[in-house]
file model_10.txt (compact mmCIF, N, CA and C atoms)
# COMPACT_ATOMS: atom_id res chain seq x y z
N MET U 1180 7.13 161.46 229.55
CA MET U 1180 8.04 160.83 228.62
C MET U 1180 7.61 159.39 228.33
N LYS U 1181 7.16 158.69 229.37
CA LYS U 1181 6.73 157.32 229.23
C LYS U 1181 5.52 157.23 228.31
N TYR U 1182 4.59 158.18 228.42
CA TYR U 1182 3.38 158.17 227.59
C TYR U 1182 3.71 158.45 226.12
N ILE U 1183 4.65 159.32 225.88
CA ILE U 1183 5.05 159.63 224.50
C ILE U 1183 5.63 158.39 223.84
N LEU U 1184 6.44 157.64 224.55
CA LEU U 1184 7.03 156.42 224.03
C LEU U 1184 5.95 155.39 223.71
N ILE U 1185 4.98 155.23 224.59
CA ILE U 1185 3.90 154.26 224.37
C ILE U 1185 3.05 154.66 223.17
N ILE U 1186 2.72 155.93 223.06
CA ILE U 1186 1.92 156.41 221.93
C ILE U 1186 2.68 156.23 220.62
N SER U 1187 3.98 156.50 220.63
CA SER U 1187 4.79 156.34 219.42
C SER U 1187 4.81 154.89 218.96
N ILE U 1188 4.97 153.97 219.88
CA ILE U 1188 5.00 152.55 219.54
C ILE U 1188 3.66 152.11 218.96
N ILE U 1189 2.56 152.55 219.55
CA ILE U 1189 1.23 152.19 219.05
C ILE U 1189 1.01 152.73 217.65
N CYS U 1190 1.42 153.97 217.41
CA CYS U 1190 1.26 154.57 216.07
C CYS U 1190 2.07 153.82 215.03
N LEU U 1191 3.31 153.48 215.33
CA LEU U 1191 4.15 152.78 214.37
C LEU U 1191 3.59 151.39 214.06
N ALA U 1192 3.10 150.70 215.06
CA ALA U 1192 2.54 149.36 214.84
C ALA U 1192 1.27 149.43 214.01
N SER U 1193 0.42 150.41 214.26
CA SER U 1193 -0.83 150.51 213.50
C SER U 1193 -0.59 150.90 212.06
N CYS U 1194 0.39 151.75 211.79
CA CYS U 1194 0.70 152.15 210.40
C CYS U 1194 1.19 150.96 209.60
N LYS U 1195 2.02 150.12 210.19
CA LYS U 1195 2.55 148.96 209.48
C LYS U 1195 1.42 147.98 209.14
N ALA U 1196 0.49 147.77 210.05
CA ALA U 1196 -0.62 146.86 209.81
C ALA U 1196 -1.50 147.36 208.67
N GLN U 1197 -1.75 148.67 208.61
CA GLN U 1197 -2.55 149.23 207.53
C GLN U 1197 -1.84 149.06 206.19
N LYS U 1198 -0.53 149.28 206.16
CA LYS U 1198 0.23 149.17 204.92
C LYS U 1198 0.20 147.73 204.41
N GLU U 1199 0.36 146.74 205.29
CA GLU U 1199 0.33 145.36 204.87
C GLU U 1199 -1.03 144.97 204.33
N THR U 1200 -2.10 145.47 204.90
CA THR U 1200 -3.44 145.18 204.43
C THR U 1200 -3.62 145.74 203.02
N LYS U 1201 -3.16 146.96 202.78
CA LYS U 1201 -3.30 147.55 201.45
C LYS U 1201 -2.46 146.80 200.43
N MET U 1202 -1.26 146.36 200.80
CA MET U 1202 -0.39 145.64 199.88
C MET U 1202 -1.03 144.33 199.44
N ASN U 1203 -1.65 143.61 200.35
CA ASN U 1203 -2.21 142.32 200.03
C ASN U 1203 -3.54 142.41 199.31
N ALA U 1204 -4.15 143.60 199.26
CA ALA U 1204 -5.45 143.75 198.63
C ALA U 1204 -5.38 143.69 197.11
N GLY U 1205 -4.21 143.89 196.51
CA GLY U 1205 -4.13 144.03 195.07
C GLY U 1205 -3.81 142.78 194.29
N HIS U 1206 -3.85 141.61 194.88
CA HIS U 1206 -3.51 140.43 194.10
C HIS U 1206 -4.56 139.34 194.28
N THR U 1207 -4.56 138.41 193.35
CA THR U 1207 -5.52 137.31 193.42
C THR U 1207 -4.88 136.13 194.12
N SER U 1208 -5.63 135.06 194.28
CA SER U 1208 -5.13 133.89 194.99
C SER U 1208 -4.03 133.16 194.24
N ASP U 1209 -3.87 133.39 192.93
CA ASP U 1209 -2.81 132.75 192.17
C ASP U 1209 -1.43 133.27 192.57
N PHE U 1210 -1.39 134.48 193.10
CA PHE U 1210 -0.13 135.14 193.40
C PHE U 1210 0.02 135.33 194.91
N GLU U 1211 1.23 135.10 195.39
CA GLU U 1211 1.53 135.34 196.80
C GLU U 1211 2.60 136.42 196.87
N LEU U 1212 2.32 137.50 197.58
CA LEU U 1212 3.27 138.59 197.73
C LEU U 1212 4.41 138.13 198.61
N VAL U 1213 5.63 138.17 198.07
CA VAL U 1213 6.82 137.73 198.80
C VAL U 1213 7.52 138.92 199.43
N ALA U 1214 7.65 140.01 198.68
CA ALA U 1214 8.35 141.19 199.18
C ALA U 1214 7.88 142.41 198.41
N SER U 1215 7.96 143.57 199.07
CA SER U 1215 7.66 144.83 198.40
C SER U 1215 8.28 145.96 199.21
N ASP U 1216 8.48 147.08 198.54
CA ASP U 1216 9.02 148.25 199.21
C ASP U 1216 8.70 149.46 198.36
N ALA U 1217 8.68 150.63 198.98
CA ALA U 1217 8.33 151.86 198.27
C ALA U 1217 9.50 152.43 197.48
N TYR U 1218 10.72 151.93 197.69
CA TYR U 1218 11.85 152.47 196.94
C TYR U 1218 12.67 151.34 196.34
N SER U 1219 12.73 151.33 195.01
CA SER U 1219 13.53 150.34 194.31
C SER U 1219 14.79 150.94 193.71
N GLY U 1220 14.79 152.25 193.49
CA GLY U 1220 15.91 152.88 192.81
C GLY U 1220 15.82 152.76 191.30
N ILE U 1221 14.77 152.15 190.80
CA ILE U 1221 14.58 151.96 189.36
C ILE U 1221 13.49 152.93 188.93
N ASP U 1222 13.83 153.86 188.02
CA ASP U 1222 12.94 154.98 187.73
C ASP U 1222 11.97 154.77 186.57
N SER U 1223 11.96 153.58 185.96
CA SER U 1223 10.99 153.31 184.90
C SER U 1223 10.43 151.90 185.11
N TYR U 1224 9.29 151.63 184.47
CA TYR U 1224 8.62 150.34 184.64
C TYR U 1224 9.50 149.20 184.12
N GLU U 1225 9.62 148.16 184.93
CA GLU U 1225 10.31 146.94 184.53
C GLU U 1225 9.56 145.76 185.14
N ALA U 1226 9.46 144.69 184.40
CA ALA U 1226 8.86 143.46 184.92
C ALA U 1226 9.66 142.28 184.40
N ALA U 1227 9.80 141.27 185.25
CA ALA U 1227 10.58 140.10 184.87
C ALA U 1227 10.09 138.87 185.61
N VAL U 1228 10.39 137.72 185.02
CA VAL U 1228 10.13 136.45 185.67
C VAL U 1228 11.48 135.90 186.12
N ILE U 1229 11.59 135.58 187.39
CA ILE U 1229 12.85 135.07 187.94
C ILE U 1229 12.65 133.61 188.32
N SER U 1230 13.51 132.75 187.76
CA SER U 1230 13.34 131.32 188.00
C SER U 1230 14.57 130.67 188.63
N ASN U 1231 15.54 131.49 189.09
CA ASN U 1231 16.71 130.92 189.77
C ASN U 1231 17.28 131.91 190.79
N ALA U 1232 18.06 131.37 191.71
CA ALA U 1232 18.61 132.18 192.81
C ALA U 1232 19.61 133.22 192.32
N LYS U 1233 20.36 132.90 191.28
CA LYS U 1233 21.35 133.85 190.75
C LYS U 1233 20.68 135.13 190.25
N SER U 1234 19.58 134.99 189.51
CA SER U 1234 18.85 136.16 189.01
C SER U 1234 18.22 136.95 190.14
N LEU U 1235 17.72 136.26 191.15
CA LEU U 1235 17.14 136.95 192.31
C LEU U 1235 18.20 137.75 193.05
N ASN U 1236 19.38 137.16 193.25
CA ASN U 1236 20.47 137.88 193.91
C ASN U 1236 20.92 139.09 193.09
N LYS U 1237 20.93 138.95 191.77
CA LYS U 1237 21.31 140.07 190.90
C LYS U 1237 20.29 141.21 191.04
N PHE U 1238 19.00 140.88 191.08
CA PHE U 1238 17.97 141.90 191.25
C PHE U 1238 18.15 142.61 192.59
N TYR U 1239 18.37 141.85 193.65
CA TYR U 1239 18.54 142.46 194.97
C TYR U 1239 19.82 143.28 195.06
N SER U 1240 20.83 142.96 194.29
CA SER U 1240 22.03 143.81 194.30
C SER U 1240 21.71 145.17 193.69
N ARG U 1241 20.80 145.22 192.71
CA ARG U 1241 20.35 146.52 192.16
C ARG U 1241 19.53 147.29 193.19
N ILE U 1242 18.62 146.61 193.87
CA ILE U 1242 17.76 147.25 194.86
C ILE U 1242 18.58 147.77 196.04
N ASN U 1243 19.54 146.99 196.48
CA ASN U 1243 20.31 147.32 197.67
C ASN U 1243 21.53 148.20 197.40
N LYS U 1244 21.68 148.65 196.16
CA LYS U 1244 22.84 149.46 195.79
C LYS U 1244 22.96 150.72 196.65
N THR U 1245 21.85 151.34 196.98
CA THR U 1245 21.88 152.59 197.75
C THR U 1245 21.36 152.41 199.18
N ARG U 1246 21.24 151.18 199.64
CA ARG U 1246 20.72 150.93 200.99
C ARG U 1246 21.83 150.39 201.89
N LYS U 1247 21.87 150.89 203.07
CA LYS U 1247 22.76 150.34 204.09
C LYS U 1247 21.99 150.29 205.38
N PRO U 1248 21.62 149.19 205.93
CA PRO U 1248 21.81 147.83 205.42
C PRO U 1248 20.80 147.53 204.31
N GLY U 1249 21.12 146.58 203.49
CA GLY U 1249 20.25 146.23 202.39
C GLY U 1249 19.08 145.36 202.83
N LEU U 1250 18.10 145.26 201.97
CA LEU U 1250 16.96 144.37 202.23
C LEU U 1250 17.42 142.92 202.11
N PRO U 1251 16.90 142.04 202.96
CA PRO U 1251 17.29 140.62 202.85
C PRO U 1251 16.66 139.96 201.63
N VAL U 1252 17.43 139.09 201.00
CA VAL U 1252 16.94 138.35 199.84
C VAL U 1252 16.02 137.23 200.34
N PRO U 1253 14.78 137.17 199.83
CA PRO U 1253 13.87 136.11 200.29
C PRO U 1253 14.37 134.72 199.88
N VAL U 1254 14.06 133.75 200.70
CA VAL U 1254 14.42 132.36 200.42
C VAL U 1254 13.27 131.73 199.63
N VAL U 1255 13.60 131.22 198.45
CA VAL U 1255 12.58 130.66 197.55
C VAL U 1255 13.05 129.30 197.05
N ASP U 1256 12.16 128.34 197.04
CA ASP U 1256 12.44 127.03 196.47
C ASP U 1256 12.06 127.08 194.99
N PHE U 1257 13.05 127.30 194.13
CA PHE U 1257 12.77 127.47 192.70
C PHE U 1257 12.38 126.16 192.01
N SER U 1258 12.48 125.03 192.69
CA SER U 1258 11.97 123.80 192.09
C SER U 1258 10.44 123.75 192.17
N LYS U 1259 9.86 124.56 193.06
CA LYS U 1259 8.40 124.59 193.22
C LYS U 1259 7.77 125.90 192.74
N ASP U 1260 8.53 126.99 192.83
CA ASP U 1260 7.95 128.32 192.59
C ASP U 1260 8.81 129.13 191.63
N VAL U 1261 8.16 130.12 191.02
CA VAL U 1261 8.81 131.10 190.17
C VAL U 1261 8.37 132.48 190.68
N LEU U 1262 9.20 133.50 190.49
CA LEU U 1262 8.88 134.84 190.98
C LEU U 1262 8.57 135.78 189.83
N VAL U 1263 7.61 136.66 190.05
CA VAL U 1263 7.30 137.73 189.12
C VAL U 1263 7.68 139.02 189.83
N VAL U 1264 8.62 139.76 189.24
CA VAL U 1264 9.14 140.99 189.83
C VAL U 1264 8.64 142.16 189.01
N MET U 1265 8.09 143.17 189.71
CA MET U 1265 7.62 144.38 189.04
C MET U 1265 8.17 145.60 189.74
N CYS U 1266 8.87 146.42 188.98
CA CYS U 1266 9.29 147.74 189.44
C CYS U 1266 8.40 148.72 188.69
N LEU U 1267 7.64 149.52 189.41
CA LEU U 1267 6.62 150.36 188.79
C LEU U 1267 7.14 151.70 188.29
N GLY U 1268 8.39 152.04 188.59
CA GLY U 1268 8.90 153.35 188.19
C GLY U 1268 8.35 154.43 189.10
N GLU U 1269 8.40 155.66 188.63
CA GLU U 1269 7.94 156.79 189.46
C GLU U 1269 6.43 156.76 189.59
N GLN U 1270 5.95 156.79 190.83
CA GLN U 1270 4.52 156.79 191.12
C GLN U 1270 4.20 157.96 192.05
N LYS U 1271 3.12 158.66 191.75
CA LYS U 1271 2.65 159.74 192.61
C LYS U 1271 1.42 159.25 193.33
N GLY U 1272 1.44 159.32 194.64
CA GLY U 1272 0.35 158.77 195.42
C GLY U 1272 0.59 157.29 195.67
N GLU U 1273 -0.36 156.68 196.33
CA GLU U 1273 -0.22 155.27 196.69
C GLU U 1273 -0.99 154.40 195.70
N THR U 1274 -0.27 153.64 194.91
CA THR U 1274 -0.88 152.73 193.95
C THR U 1274 -0.36 151.32 194.21
N THR U 1275 -1.17 150.34 193.88
CA THR U 1275 -0.75 148.94 194.00
C THR U 1275 -1.07 148.22 192.70
N PRO U 1276 -0.25 147.26 192.33
CA PRO U 1276 -0.53 146.51 191.10
C PRO U 1276 -1.65 145.50 191.32
N LYS U 1277 -2.45 145.32 190.30
CA LYS U 1277 -3.48 144.28 190.30
C LYS U 1277 -3.10 143.30 189.20
N LEU U 1278 -2.93 142.05 189.58
CA LEU U 1278 -2.47 141.03 188.64
C LEU U 1278 -3.61 140.11 188.24
N ALA U 1279 -3.60 139.75 186.97
CA ALA U 1279 -4.56 138.76 186.45
C ALA U 1279 -3.78 137.76 185.62
N LYS U 1280 -4.11 136.49 185.78
CA LYS U 1280 -3.40 135.42 185.08
C LYS U 1280 -4.36 134.73 184.13
N SER U 1281 -3.91 134.55 182.88
CA SER U 1281 -4.72 133.80 181.93
C SER U 1281 -3.86 132.75 181.25
N ASP U 1282 -4.37 131.53 181.19
CA ASP U 1282 -3.67 130.40 180.56
C ASP U 1282 -4.06 130.32 179.10
N HIS U 1283 -3.05 130.14 178.26
CA HIS U 1283 -3.26 129.92 176.83
C HIS U 1283 -2.47 128.66 176.47
N GLU U 1284 -2.74 128.11 175.30
CA GLU U 1284 -2.02 126.89 174.92
C GLU U 1284 -0.53 127.14 174.71
N ASP U 1285 -0.14 128.36 174.30
CA ASP U 1285 1.28 128.64 174.09
C ASP U 1285 1.96 129.26 175.30
N GLY U 1286 1.25 129.53 176.38
CA GLY U 1286 1.88 130.08 177.57
C GLY U 1286 0.90 130.74 178.52
N ILE U 1287 1.45 131.36 179.54
CA ILE U 1287 0.67 132.07 180.54
C ILE U 1287 0.92 133.56 180.39
N VAL U 1288 -0.16 134.34 180.39
CA VAL U 1288 -0.04 135.79 180.29
C VAL U 1288 -0.48 136.39 181.62
N ILE U 1289 0.41 137.20 182.20
CA ILE U 1289 0.09 137.91 183.43
C ILE U 1289 -0.13 139.37 183.05
N THR U 1290 -1.30 139.89 183.34
CA THR U 1290 -1.64 141.27 183.04
C THR U 1290 -1.52 142.09 184.32
N VAL U 1291 -0.80 143.21 184.21
CA VAL U 1291 -0.57 144.09 185.36
C VAL U 1291 -1.30 145.40 185.12
N ALA U 1292 -2.17 145.76 186.05
CA ALA U 1292 -2.85 147.05 186.02
C ALA U 1292 -2.62 147.71 187.37
N LEU U 1293 -2.66 149.03 187.40
CA LEU U 1293 -2.46 149.75 188.65
C LEU U 1293 -3.78 150.24 189.19
N SER U 1294 -3.92 150.20 190.51
CA SER U 1294 -5.09 150.80 191.13
C SER U 1294 -4.96 152.31 190.99
N GLU U 1295 -6.08 152.96 190.84
CA GLU U 1295 -6.07 154.42 190.68
C GLU U 1295 -5.79 155.09 192.02
N PRO U 1296 -4.80 155.99 192.07
CA PRO U 1296 -4.58 156.70 193.32
C PRO U 1296 -5.72 157.68 193.58
N ASN U 1297 -6.02 157.89 194.82
CA ASN U 1297 -7.06 158.82 195.23
C ASN U 1297 -6.58 160.24 194.97
N ASP U 1298 -7.33 161.04 194.17
CA ASP U 1298 -6.91 162.39 193.81
C ASP U 1298 -6.69 163.27 195.04
N SER U 1299 -7.55 163.16 196.03
CA SER U 1299 -7.38 163.98 197.23
C SER U 1299 -6.13 163.56 197.98
N ASN U 1300 -5.79 162.28 197.91
CA ASN U 1300 -4.58 161.78 198.55
C ASN U 1300 -3.33 162.39 197.90
N ILE U 1301 -3.34 162.52 196.57
CA ILE U 1301 -2.19 163.09 195.86
C ILE U 1301 -2.02 164.55 196.21
N LYS U 1302 -3.12 165.30 196.31
CA LYS U 1302 -3.04 166.73 196.62
C LYS U 1302 -2.57 166.97 198.05
N GLU U 1303 -3.08 166.17 198.97
CA GLU U 1303 -2.71 166.32 200.37
C GLU U 1303 -1.33 165.76 200.67
N ASN U 1304 -0.98 164.68 200.03
CA ASN U 1304 0.24 163.96 200.35
C ASN U 1304 0.96 163.59 199.04
N PRO U 1305 1.63 164.55 198.41
CA PRO U 1305 2.23 164.28 197.09
C PRO U 1305 3.52 163.47 197.19
N ILE U 1306 3.41 162.24 197.67
CA ILE U 1306 4.57 161.38 197.82
C ILE U 1306 4.92 160.78 196.46
N ILE U 1307 6.19 160.85 196.12
CA ILE U 1307 6.68 160.20 194.92
C ILE U 1307 7.49 159.00 195.37
N SER U 1308 7.15 157.84 194.83
CA SER U 1308 7.85 156.62 195.22
C SER U 1308 8.24 155.84 193.96
N TYR U 1309 9.11 154.88 194.15
CA TYR U 1309 9.58 154.00 193.08
C TYR U 1309 9.42 152.56 193.58
N PRO U 1310 8.18 152.09 193.71
CA PRO U 1310 7.94 150.80 194.38
C PRO U 1310 8.30 149.59 193.54
N PHE U 1311 8.56 148.50 194.26
CA PHE U 1311 8.71 147.20 193.59
C PHE U 1311 7.90 146.17 194.36
N TYR U 1312 7.47 145.14 193.64
CA TYR U 1312 6.68 144.05 194.21
C TYR U 1312 7.23 142.74 193.66
N ILE U 1313 7.30 141.74 194.52
CA ILE U 1313 7.72 140.41 194.10
C ILE U 1313 6.62 139.44 194.50
N TYR U 1314 6.08 138.74 193.49
CA TYR U 1314 5.02 137.76 193.72
C TYR U 1314 5.54 136.37 193.37
N LYS U 1315 5.03 135.38 194.10
CA LYS U 1315 5.42 133.99 193.87
C LYS U 1315 4.22 133.25 193.29
N LEU U 1316 4.49 132.40 192.31
CA LEU U 1316 3.47 131.51 191.81
C LEU U 1316 4.10 130.17 191.48
N PRO U 1317 3.31 129.12 191.41
CA PRO U 1317 3.86 127.78 191.17
C PRO U 1317 4.58 127.68 189.82
N THR U 1318 5.65 126.91 189.80
CA THR U 1318 6.42 126.68 188.58
C THR U 1318 5.55 125.99 187.54
N THR U 1319 5.76 126.38 186.30
CA THR U 1319 5.02 125.78 185.19
C THR U 1319 5.98 125.54 184.03
N SER U 1320 5.62 124.61 183.17
CA SER U 1320 6.45 124.35 181.99
C SER U 1320 6.14 125.32 180.85
N LYS U 1321 5.04 126.06 180.98
CA LYS U 1321 4.66 127.04 179.96
C LYS U 1321 5.47 128.32 180.09
N ALA U 1322 5.64 129.02 178.99
CA ALA U 1322 6.32 130.31 179.01
C ALA U 1322 5.41 131.34 179.67
N ILE U 1323 6.01 132.24 180.45
CA ILE U 1323 5.25 133.27 181.15
C ILE U 1323 5.61 134.62 180.54
N SER U 1324 4.58 135.37 180.15
CA SER U 1324 4.81 136.73 179.65
C SER U 1324 4.02 137.71 180.50
N ILE U 1325 4.53 138.95 180.59
CA ILE U 1325 3.92 139.96 181.43
C ILE U 1325 3.53 141.13 180.55
N GLN U 1326 2.27 141.56 180.67
CA GLN U 1326 1.77 142.71 179.91
C GLN U 1326 1.27 143.76 180.88
N LYS U 1327 1.65 145.02 180.62
CA LYS U 1327 1.10 146.09 181.46
C LYS U 1327 -0.12 146.66 180.77
N GLN U 1328 -1.04 147.14 181.59
CA GLN U 1328 -2.30 147.62 181.06
C GLN U 1328 -2.63 148.98 181.69
N GLY U 1329 -2.75 149.98 180.87
CA GLY U 1329 -3.24 151.28 181.32
C GLY U 1329 -2.28 152.17 182.05
N PHE U 1330 -0.96 151.95 181.94
CA PHE U 1330 -0.01 152.89 182.54
C PHE U 1330 1.27 152.91 181.77
call {"tool": "encode", "arguments": {"input": "model_10.txt", "output": "structure tokens"}}
result
Amino acid sequence: MKYILIISIICLASCKAQKETKMNAGHTSDFELVASDAYSGIDSYEAAVISNAKSLNKFYSRINKTRKPGLPVPVVDFSKDVLVVMCLGEQKGETTPKLAKSDHEDGIVITVALSEPNDSNIKENPIISYPFYIYKLPTTSKAISIQKQGF
């Protein structure tokens, strides 16, 4: 019984470390991953820029509608940072967003592309998820727009 408990703890710890490594692989240095989860409850693609605590709390009330206990709302200093929230909708297999930022004179454009899921992974493990990702980037006076690419 003692060995089963030890093996279970080791397996759970190693799975979490692998998941965090994969999550952090999909973004550039301009973006810092603040929070993510495989279930958002939002079944279609949505992206938004959040620049105040009220909007962040409203988003988390949507996410936590079907969770007991709910996910904790991250603490963000909105005088220094702004958040980019992406709900990817229904996804088959494990995909992560790849973000690219380009500065223009009229604003900043963030392009979102998805990593291609491994076909063998989908056949062996046909997991359907509704993931969301929240990235932090420094506040700017320019307007920020989000464009999806290829999905």
call {"tool": "atom_distance", "arguments": {"input": "model_10.txt", "atom1": "atom C of Lys1277 in chain U", "atom2": "atom C of Ser1240 in chain U"}}
result
25.3 Å
call {"tool": "atom_distance", "arguments": {"input": "model_10.txt", "atom1": "atom C of Asp1282 in chain U", "atom2": "CA of Val1261 in chain U"}}
result
17.0 Å
call {"tool": "atom_distance", "arguments": {"input": "model_10.txt", "atom1": "CA of Lys1259 in chain U", "atom2": "atom C of Ile1323 in chain U"}}
result
16.4 Å
call {"tool": "closest_residue", "arguments": {"input": "model_10.txt", "among": "U:Tyr1239, U:Val1263, U:Asp1209, U:Lys1327", "to": "Lys1280 in chain U", "atoms": "only N, CA and C atoms"}}
result
U:Asp1209
call {"tool": "select_by_dssp", "arguments": {"input": "model_10.txt", "residues": "range 1233-1322 of chain U", "states": "alpha helix (DSSP H)", "output": "VMD selection string"}}
result
chain U and resid 1233 to 1242 1298 to 1303
call {"tool": "closest_residue", "arguments": {"input": "model_10.txt", "among": "U:Ile1307, U:Ile1221, U:Leu1278, U:Met1265", "to": "Ile1242 in chain U", "atoms": "only N, CA and C atoms"}}
result
U:Ile1221
